[in-house]
$ cat model31.txt   # compact mmCIF, C-alpha atoms (C1' of nucleotides)
# COMPACT_ATOMS: atom_id res chain seq x y z
CA MET A 1 -5.53 2.36 -9.51
CA PHE A 2 -2.39 0.34 -8.90
CA LYS A 3 -2.61 1.10 -5.24
CA ALA A 4 -6.22 0.01 -5.16
CA LEU A 5 -5.42 -3.29 -6.84
CA GLY A 6 -2.37 -3.72 -4.67
CA ASP A 7 -4.40 -4.95 -1.73
CA PRO A 8 -5.16 -8.69 -1.90
CA THR A 9 -8.70 -8.31 -0.64
CA ARG A 10 -9.47 -5.66 -3.21
CA LEU A 11 -7.85 -7.66 -5.98
CA ARG A 12 -10.14 -10.56 -5.09
CA ILE A 13 -13.15 -8.29 -5.18
CA PHE A 14 -12.01 -6.83 -8.47
CA MET A 15 -11.53 -10.25 -10.03
CA PHE A 16 -14.86 -11.43 -8.72
CA LEU A 17 -16.61 -8.40 -10.16
CA SER A 18 -14.81 -8.96 -13.43
CA SER A 19 -16.41 -12.35 -13.63
CA CYS A 20 -19.79 -10.75 -12.96
CA SER A 21 -19.52 -7.91 -15.42
CA PRO A 22 -19.20 -9.49 -18.83
CA GLU A 23 -19.18 -6.27 -20.71
CA VAL A 24 -22.12 -4.21 -21.81
CA VAL A 25 -24.99 -4.79 -24.11
CA VAL A 26 -25.90 -2.63 -27.08
CA GLY A 27 -29.65 -2.17 -27.10
CA GLU A 28 -32.10 -1.79 -29.97
CA GLU A 29 -31.65 1.94 -30.14
CA GLY A 30 -27.88 1.51 -30.12
CA GLU A 31 -27.77 2.50 -26.48
CA VAL A 32 -25.08 0.91 -24.41
CA ARG A 33 -26.02 -0.45 -21.02
CA PRO A 34 -24.44 -2.75 -18.51
CA VAL A 35 -25.79 -6.23 -18.10
CA VAL A 36 -25.13 -7.77 -14.77
CA GLY A 37 -23.25 -7.02 -11.61
CA ALA A 38 -23.05 -8.11 -8.03
CA THR A 39 -24.61 -6.72 -4.92
CA VAL A 40 -22.50 -5.80 -1.94
CA GLY A 41 -23.89 -8.90 -0.29
CA ASP A 42 -22.74 -11.06 -3.18
CA VAL A 43 -19.27 -9.62 -2.81
CA CYS A 44 -19.34 -10.32 0.91
CA CYS A 45 -19.87 -14.00 0.17
CA HIS A 46 -16.64 -14.12 -1.79
CA VAL A 47 -14.49 -12.35 0.73
CA SER A 48 -13.67 -13.18 4.29
CA GLY A 49 -14.41 -10.34 6.71
CA GLY A 50 -17.63 -8.57 7.46
CA ASN A 51 -19.71 -6.24 5.36
CA SER A 52 -17.99 -3.22 6.82
CA LEU A 53 -14.68 -4.41 5.43
CA VAL A 54 -16.18 -5.07 2.04
CA SER A 55 -17.88 -1.71 2.08
CA PHE A 56 -14.56 -0.09 2.85
CA HIS A 57 -12.77 -1.81 0.01
CA LEU A 58 -15.56 -1.14 -2.44
CA LYS A 59 -15.25 2.52 -1.62
CA GLU A 60 -11.55 2.41 -2.35
CA LEU A 61 -12.12 0.69 -5.66
CA ARG A 62 -14.81 3.20 -6.52
CA GLN A 63 -12.61 6.15 -5.63
CA ALA A 64 -9.86 4.70 -7.78
CA GLY A 65 -12.35 4.63 -10.64
CA LEU A 66 -12.12 0.88 -11.05
CA ILE A 67 -15.73 0.07 -10.31
CA THR A 68 -19.08 1.78 -10.31
CA MET A 69 -21.99 1.32 -7.95
CA GLU A 70 -25.62 2.00 -8.45
CA ARG A 71 -28.63 1.60 -6.24
CA ARG A 72 -31.23 -0.94 -7.34
CA GLY A 73 -33.99 -0.87 -4.78
CA LYS A 74 -32.51 -1.98 -1.53
CA TYR A 75 -29.41 -3.35 -3.17
CA MET A 76 -26.29 -1.68 -4.40
CA VAL A 77 -25.10 -3.17 -7.66
CA CYS A 78 -21.35 -3.12 -8.27
CA ARG A 79 -19.70 -3.34 -11.65
CA ILE A 80 -16.29 -3.12 -13.17
CA HIS A 81 -15.63 0.23 -14.79
CA THR A 82 -14.51 -1.08 -18.15
CA LYS A 83 -13.03 2.19 -19.32
CA ALA A 84 -10.66 2.39 -16.38
CA VAL A 85 -9.54 -1.16 -16.95
CA GLU A 86 -8.79 -0.39 -20.58
CA GLU A 87 -6.84 2.65 -19.49
CA LEU A 88 -4.70 0.52 -17.23
CA GLY A 89 -4.21 -2.00 -20.01
CA SER A 90 -2.97 0.60 -22.42
CA PHE A 91 -0.74 2.11 -19.79
CA MET A 92 1.00 -1.22 -19.51
CA CYS A 93 1.60 -1.15 -23.26
CA ASP A 94 3.39 2.18 -23.04
CA PRO A 95 4.34 2.97 -19.45
CA CYS A 96 6.51 5.97 -20.18
CA GLY A 97 4.15 7.62 -22.63
CA CYS A 98 7.04 8.11 -25.04
CA GLN A 99 6.07 5.71 -27.70
CA MET B 100 3.08 -6.14 -8.88
CA PHE B 101 0.11 -3.89 -8.36
CA LYS B 102 1.26 -3.15 -4.86
CA ALA B 103 4.72 -2.31 -6.13
CA LEU B 104 3.36 0.10 -8.71
CA GLY B 105 0.92 1.51 -6.19
CA ASP B 106 3.56 3.69 -4.60
CA PRO B 107 4.05 7.02 -6.40
CA THR B 108 7.82 6.99 -6.02
CA ARG B 109 8.05 3.50 -7.45
CA LEU B 110 5.70 4.33 -10.28
CA ARG B 111 7.98 7.23 -11.20
CA ILE B 112 10.99 4.96 -11.15
CA PHE B 113 9.16 2.39 -13.20
CA MET B 114 8.12 4.95 -15.79
CA PHE B 115 11.60 6.38 -15.93
CA LEU B 116 13.09 2.94 -16.46
CA SER B 117 10.52 2.26 -19.14
CA SER B 118 11.83 5.24 -21.03
CA CYS B 119 15.37 3.86 -20.65
CA SER B 120 14.64 0.32 -21.68
CA PRO B 121 13.37 0.54 -25.23
CA GLU B 122 13.10 -3.15 -25.72
CA VAL B 123 15.81 -5.53 -26.74
CA VAL B 124 18.02 -5.88 -29.74
CA VAL B 125 18.37 -8.99 -31.85
CA GLY B 126 22.03 -9.52 -32.59
CA GLU B 127 23.76 -10.97 -35.65
CA GLU B 128 23.52 -14.51 -34.35
CA GLY B 129 19.85 -13.99 -33.64
CA GLU B 130 20.59 -13.64 -29.95
CA VAL B 131 18.35 -11.33 -28.02
CA ARG B 132 19.98 -8.90 -25.62
CA PRO B 133 18.91 -5.78 -23.79
CA VAL B 134 20.12 -2.47 -25.04
CA VAL B 135 20.24 0.22 -22.45
CA GLY B 136 19.26 0.78 -18.89
CA ALA B 137 19.89 3.17 -16.07
CA THR B 138 22.23 3.02 -13.15
CA VAL B 139 20.97 3.45 -9.61
CA GLY B 140 22.56 6.88 -9.71
CA ASP B 141 20.63 7.79 -12.85
CA VAL B 142 17.43 6.79 -11.11
CA CYS B 143 18.37 8.89 -8.08
CA CYS B 144 18.51 11.97 -10.32
CA HIS B 145 14.92 11.47 -11.30
CA VAL B 146 13.53 10.93 -7.85
CA SER B 147 13.55 13.12 -4.80
CA GLY B 148 15.01 11.45 -1.73
CA GLY B 149 18.42 9.95 -1.14
CA ASN B 150 20.02 6.92 -2.69
CA SER B 151 18.94 4.75 0.21
CA LEU B 152 15.33 5.44 -0.60
CA VAL B 153 15.87 4.65 -4.24
CA SER B 154 17.68 1.49 -3.32
CA PHE B 155 14.76 0.47 -1.15
CA HIS B 156 12.23 1.04 -3.91
CA LEU B 157 14.36 -0.68 -6.51
CA LYS B 158 14.45 -3.71 -4.26
CA GLU B 159 10.68 -3.70 -4.02
CA LEU B 160 10.33 -3.44 -7.78
CA ARG B 161 12.84 -6.22 -8.23
CA GLN B 162 11.09 -8.47 -5.74
CA ALA B 163 7.83 -7.83 -7.54
CA GLY B 164 9.52 -8.99 -10.71
CA LEU B 165 9.00 -5.71 -12.48
CA ILE B 166 12.64 -4.87 -13.05
CA THR B 167 15.96 -6.61 -13.24
CA MET B 168 19.34 -5.42 -12.04
CA GLU B 169 22.77 -6.45 -13.12
CA ARG B 170 26.21 -5.38 -12.06
CA ARG B 171 28.33 -3.65 -14.67
CA GLY B 172 31.63 -2.85 -13.09
CA LYS B 173 30.96 -0.48 -10.28
CA TYR B 174 27.48 0.31 -11.51
CA MET B 175 24.23 -1.50 -11.14
CA VAL B 176 22.21 -1.35 -14.32
CA CYS B 177 18.42 -1.42 -13.92
CA ARG B 178 15.97 -2.44 -16.57
CA ILE B 179 12.31 -3.07 -16.97
CA HIS B 180 11.44 -6.76 -16.94
CA THR B 181 9.45 -6.81 -20.15
CA LYS B 182 7.89 -10.20 -19.54
CA ALA B 183 6.32 -9.09 -16.27
CA VAL B 184 4.91 -6.01 -17.88
CA GLU B 185 3.32 -8.09 -20.61
CA GLU B 186 1.89 -10.36 -17.96
CA LEU B 187 0.26 -7.41 -16.25
CA GLY B 188 -1.04 -6.14 -19.56
CA SER B 189 -2.69 -9.42 -20.38
CA PHE B 190 -4.11 -9.66 -16.89
CA MET B 191 -5.91 -6.41 -17.51
CA CYS B 192 -7.40 -7.89 -20.67
CA ASP B 193 -8.91 -10.77 -18.72
CA PRO B 194 -8.89 -10.05 -15.00
CA CYS B 195 -11.02 -12.97 -13.93
CA GLY B 196 -9.27 -15.58 -16.06
CA CYS B 197 -12.64 -16.81 -17.28
CA GLN B 198 -12.47 -15.67 -20.83
C1' DC C 199 -45.75 3.01 11.27
C1' DG C 200 -42.56 -0.61 12.78
C1' DA C 201 -39.81 -4.52 11.62
C1' DT C 202 -36.37 -6.22 8.80
C1' DC C 203 -32.91 -6.52 5.38
C1' DA C 204 -28.97 -4.21 2.94
C1' DT C 205 -25.31 -1.25 3.23
C1' DA C 206 -22.46 2.53 5.14
C1' DT C 207 -19.99 5.01 8.65
C1' DC C 208 -17.34 5.49 12.87
C1' DA C 209 -13.80 4.76 16.36
C1' DA C 210 -10.21 2.00 18.00
C1' DT C 211 -6.39 -0.79 17.06
C1' DA C 212 -2.89 -3.49 14.96
C1' DG C 213 0.02 -3.98 11.28
C1' DT C 214 2.50 -2.30 7.44
C1' DT C 215 5.27 0.85 4.73
C1' DA C 216 7.87 5.04 3.35
C1' DT C 217 11.34 8.05 4.63
C1' DT C 218 15.68 9.68 6.90
C1' DG C 219 20.44 9.59 8.12
C1' DA C 220 24.30 6.84 9.43
C1' DA C 221 27.10 2.96 8.88
C1' DC C 222 28.52 -0.67 5.85
C1' DT C 223 30.04 -3.35 1.40
C1' DA C 224 31.77 -3.61 -3.30
C1' DT C 225 34.42 -2.07 -7.27
C1' DT C 226 37.80 0.51 -9.63
C1' DG C 227 41.97 3.34 -10.32
C1' DG C 228 46.24 5.31 -8.61
C1' DC D 229 46.94 -1.15 -0.36
C1' DC D 230 44.44 3.30 -0.09
C1' DA D 231 41.10 6.54 -1.59
C1' DA D 232 37.13 7.50 -4.10
C1' DT D 233 32.85 6.28 -6.11
C1' DA D 234 28.50 3.45 -6.30
C1' DG D 235 25.09 1.00 -3.82
C1' DT D 236 23.14 -1.45 0.10
C1' DT D 237 21.66 -2.30 4.78
C1' DC D 238 20.16 -0.89 9.33
C1' DA D 239 17.57 1.39 13.03
C1' DA D 240 14.30 4.80 14.25
C1' DT D 241 10.29 7.13 13.29
C1' DA D 242 6.27 8.94 11.20
C1' DA D 243 2.48 8.14 8.25
C1' DC D 244 -0.74 5.30 6.42
C1' DT D 245 -3.96 1.27 5.85
C1' DA D 246 -6.58 -2.85 6.91
C1' DT D 247 -9.46 -4.96 10.04
C1' DT D 248 -12.96 -5.32 13.77
C1' DG D 249 -17.18 -4.53 16.12
C1' DA D 250 -20.71 -1.31 17.14
C1' DT D 251 -23.78 1.98 15.49
C1' DA D 252 -26.32 4.48 11.91
C1' DT D 253 -28.76 5.16 7.46
C1' DG D 254 -31.79 3.75 3.70
C1' DA D 255 -35.26 0.89 1.45
C1' DT D 256 -38.92 -2.44 1.35
C1' DC D 257 -42.79 -5.05 3.14
C1' DG D 258 -46.60 -6.20 6.12
$ encode --input "model31.txt" --output "structure tokens"
Amino acid sequence: MFKALGDPTRLRIFMFLSSCSPEVVVGEEGEVRPVVGATVGDVCCHVSGGNSLVSFHLKELRQAGLITMERRGKYMVCRIHTKAVEELGSFMCDPCGCQ
Amino acid sequence: MFKALGDPTRLRIFMFLSSCSPEVVVGEEGEVRPVVGATVGDVCCHVSGGNSLVSFHLKELRQAGLITMERRGKYMVCRIHTKAVEELGSFMCDPCGCQ
DNA sequence: CGATCATATCAATAGTTATTGAACTATTGG
DNA sequence: CCAATAGTTCAATAACTATTGATATGATCG
């Protein structure tokens, strides 16, 4: 995860997606589902470089577990993987795991 | 910082130093000072590769602001830079800065 | 079906980074 | 001052990664 966020382009993408993924919504039946997200095209607009570059970086972020992607018709919707982010956050609170 | 922690060797060093830097102590006059730390040699014992490699990675961690180093006689004492770690932690709580 | 839009993959390349061993600097103790 | 110990810097190399443009796949719409 650190490696994935270590690249400036990916960090930008990650931060952009964070602003597009304001958590999840708890539905009537108590089911949890994500609200919004950004398409690959949306991400492209916030990053210099072509779609192939963005696609490459999205794959890296996905493989690191930091984001998820889901097909919605002809679009791919990208979202922050909240759980992974929380994991990272708690790691920073206890980096050596000895506490 | 992410880039610095993205390397496995550096992450090991960082985690090791975390286990050696259990916060600071508040002295009798209310002054805050660090307690322990590890020498470069100590770090070498926990990482495969020679001292030159360790020195290289320590420099990277230092330049990223993640650790501090201080001469103590003929030793260099390395410590986690707590403030930077907190910064990272709070970044993870609000990655887009929009909250 | 064929055209078009959205995204992914591929191959080539340039740039960066980690690792190694050797040479160098700094500090202490005799 | 000399020798020994602790770290750092340097040069060479190998491995990896980001970026680019071209090509391919996948989905929708007329």
$ interface_residues --input "model31.txt" --of "chain A" --to "chain D" --cutoff "12 Å" --atoms "all atoms listed in the file" --output "PyMOL selection string"
chain A and resi 3-4+6-10+48-54+56-57+60+71-76
$ write_last_selection --input "model31.txt" --atoms "C-alpha atoms" --output "short mmCIF file (atom, residue, chain, number, x, y, z; two decimals), in the coordinates of the input"
data_model
loop_
_atom_site.label_atom_id
_atom_site.label_comp_id
_atom_site.auth_asym_id
_atom_site.auth_seq_id
_atom_site.Cartn_x
_atom_site.Cartn_y
_atom_site.Cartn_z
CA LYS A 3 -2.61 1.10 -5.24
CA ALA A 4 -6.22 0.01 -5.16
CA GLY A 6 -2.37 -3.72 -4.67
CA ASP A 7 -4.40 -4.95 -1.73
CA PRO A 8 -5.16 -8.69 -1.90
CA THR A 9 -8.70 -8.31 -0.64
CA ARG A 10 -9.47 -5.66 -3.21
CA SER A 48 -13.67 -13.18 4.29
CA GLY A 49 -14.41 -10.34 6.71
CA GLY A 50 -17.63 -8.57 7.46
CA ASN A 51 -19.71 -6.24 5.36
CA SER A 52 -17.99 -3.22 6.82
CA LEU A 53 -14.68 -4.41 5.43
CA VAL A 54 -16.18 -5.07 2.04
CA PHE A 56 -14.56 -0.09 2.85
CA HIS A 57 -12.77 -1.81 0.01
CA GLU A 60 -11.55 2.41 -2.35
CA ARG A 71 -28.63 1.60 -6.24
CA ARG A 72 -31.23 -0.94 -7.34
CA GLY A 73 -33.99 -0.87 -4.78
CA LYS A 74 -32.51 -1.98 -1.53
CA TYR A 75 -29.41 -3.35 -3.17
CA MET A 76 -26.29 -1.68 -4.40
#
$ axis_aligned_box --input "model31.txt" --around "segment 240-249 of chain D" --padding-each-side "8 Å" --output "lines of an AutoDock Vina configuration file"
center_x = -1.4
center_y = 1.8
center_z = 11.0
size_x = 47.5
size_y = 30.3
size_z = 26.3
$ closest_atom_pairs --input "model31.txt" --of "chain C" --to "chain A" --cutoff "9 Å" --atoms "all atoms listed in the file" --output "tab-separated table"
residue	atom	partner	partner_atom	distance
C:DC203	C1'	A:Lys74	CA	8.3
C:DA204	C1'	A:Lys74	CA	6.1
C:DT205	C1'	A:Val40	CA	7.4
C:DA206	C1'	A:Ser55	CA	7.0
C:DT207	C1'	A:Ser52	CA	8.7
$ interface_residues --input "model31.txt" --of "chain B" --to "chain A" --cutoff "8 Å" --atoms "all atoms listed in the file" --output "PDB file with C-alpha atoms, in the frame of the given file"
ATOM      1  CA  MET B 100       3.080  -6.140  -8.880  1.00  0.00           C
ATOM      2  CA  PHE B 101       0.110  -3.890  -8.360  1.00  0.00           C
ATOM      3  CA  LYS B 102       1.260  -3.150  -4.860  1.00  0.00           C
ATOM      4  CA  ALA B 103       4.720  -2.310  -6.130  1.00  0.00           C
ATOM      5  CA  LEU B 104       3.360   0.100  -8.710  1.00  0.00           C
ATOM      6  CA  GLY B 105       0.920   1.510  -6.190  1.00  0.00           C
ATOM      7  CA  ASP B 106       3.560   3.690  -4.600  1.00  0.00           C
ATOM      8  CA  PHE B 113       9.160   2.390 -13.200  1.00  0.00           C
ATOM      9  CA  MET B 114       8.120   4.950 -15.790  1.00  0.00           C
ATOM     10  CA  PHE B 115      11.600   6.380 -15.930  1.00  0.00           C
ATOM     11  CA  SER B 117      10.520   2.260 -19.140  1.00  0.00           C
ATOM     12  CA  SER B 118      11.830   5.240 -21.030  1.00  0.00           C
ATOM     13  CA  VAL B 184       4.910  -6.010 -17.880  1.00  0.00           C
ATOM     14  CA  GLU B 185       3.320  -8.090 -20.610  1.00  0.00           C
ATOM     15  CA  LEU B 187       0.260  -7.410 -16.250  1.00  0.00           C
ATOM     16  CA  GLY B 188      -1.040  -6.140 -19.560  1.00  0.00           C
ATOM     17  CA  SER B 189      -2.690  -9.420 -20.380  1.00  0.00           C
ATOM     18  CA  MET B 191      -5.910  -6.410 -17.510  1.00  0.00           C
ATOM     19  CA  CYS B 192      -7.400  -7.890 -20.670  1.00  0.00           C
ATOM     20  CA  PRO B 194      -8.890 -10.050 -15.000  1.00  0.00           C
ATOM     21  CA  CYS B 195     -11.020 -12.970 -13.930  1.00  0.00           C
ATOM     22  CA  CYS B 197     -12.640 -16.810 -17.280  1.00  0.00           C
TER      23      CYS B 197
END
$ atom_distance --input "model31.txt" --atom1 "atom C1' of DG227 of chain C" --atom2 "atom CA of Glu169 of chain B"
21.7 Å
$ atom_distance --input "model31.txt" --atom1 "atom CA of Val77 of chain A" --atom2 "atom CA of Gly65 of chain A"
15.2 Å
$ atom_distance --input "model31.txt" --atom1 "atom CA of Gln63 of chain A" --atom2 "atom CA of Ala38 of chain A"
17.8 Å
$ decode --input "model31.txt" --residues "chain D" --atoms "C-alpha atoms (C1' of nucleotides)" --output "PDB file, in the first residue's frame"
ATOM      1  C1'  DC D 229      49.432  10.478  17.193  1.00  0.00           C
ATOM      2  C1'  DC D 230      47.929   5.737  15.999  1.00  0.00           C
ATOM      3  C1'  DA D 231      44.698   2.067  15.872  1.00  0.00           C
ATOM      4  C1'  DA D 232      40.159   0.575  16.192  1.00  0.00           C
ATOM      5  C1'  DT D 233      35.330   1.203  15.816  1.00  0.00           C
ATOM      6  C1'  DA D 234      31.133   3.427  13.717  1.00  0.00           C
ATOM      7  C1'  DG D 235      29.102   5.432   9.765  1.00  0.00           C
ATOM      8  C1'  DT D 236      29.026   7.642   5.259  1.00  0.00           C
ATOM      9  C1'  DT D 237      29.923   8.333   0.412  1.00  0.00           C
ATOM     10  C1'  DC D 238      31.011   6.784  -4.206  1.00  0.00           C
ATOM     11  C1'  DA D 239      30.842   4.216  -8.565  1.00  0.00           C
ATOM     12  C1'  DA D 240      29.020   0.417 -11.028  1.00  0.00           C
ATOM     13  C1'  DT D 241      25.352  -2.431 -11.994  1.00  0.00           C
ATOM     14  C1'  DA D 242      21.082  -4.772 -12.016  1.00  0.00           C
ATOM     15  C1'  DA D 243      16.269  -4.509 -11.320  1.00  0.00           C
ATOM     16  C1'  DC D 244      12.250  -2.127 -11.429  1.00  0.00           C
ATOM     17  C1'  DT D 245       8.700   1.438 -12.715  1.00  0.00           C
ATOM     18  C1'  DA D 246       6.462   5.179 -15.144  1.00  0.00           C
ATOM     19  C1'  DT D 247       5.241   6.926 -19.383  1.00  0.00           C
ATOM     20  C1'  DT D 248       3.985   6.854 -24.360  1.00  0.00           C
ATOM     21  C1'  DG D 249       1.572   5.540 -28.404  1.00  0.00           C
ATOM     22  C1'  DA D 250      -0.597   1.892 -30.822  1.00  0.00           C
ATOM     23  C1'  DT D 251      -3.671  -1.782 -30.686  1.00  0.00           C
ATOM     24  C1'  DA D 252      -7.306  -4.637 -28.649  1.00  0.00           C
ATOM     25  C1'  DT D 253     -11.507  -5.668 -25.901  1.00  0.00           C
ATOM     26  C1'  DG D 254     -16.125  -4.712 -24.168  1.00  0.00           C
ATOM     27  C1'  DA D 255     -20.564  -2.357 -24.037  1.00  0.00           C
ATOM     28  C1'  DT D 256     -24.180   0.466 -25.909  1.00  0.00           C
ATOM     29  C1'  DC D 257     -26.965   2.554 -29.490  1.00  0.00           C
ATOM     30  C1'  DG D 258     -28.953   3.227 -34.000  1.00  0.00           C
TER      31       DG D 258
END
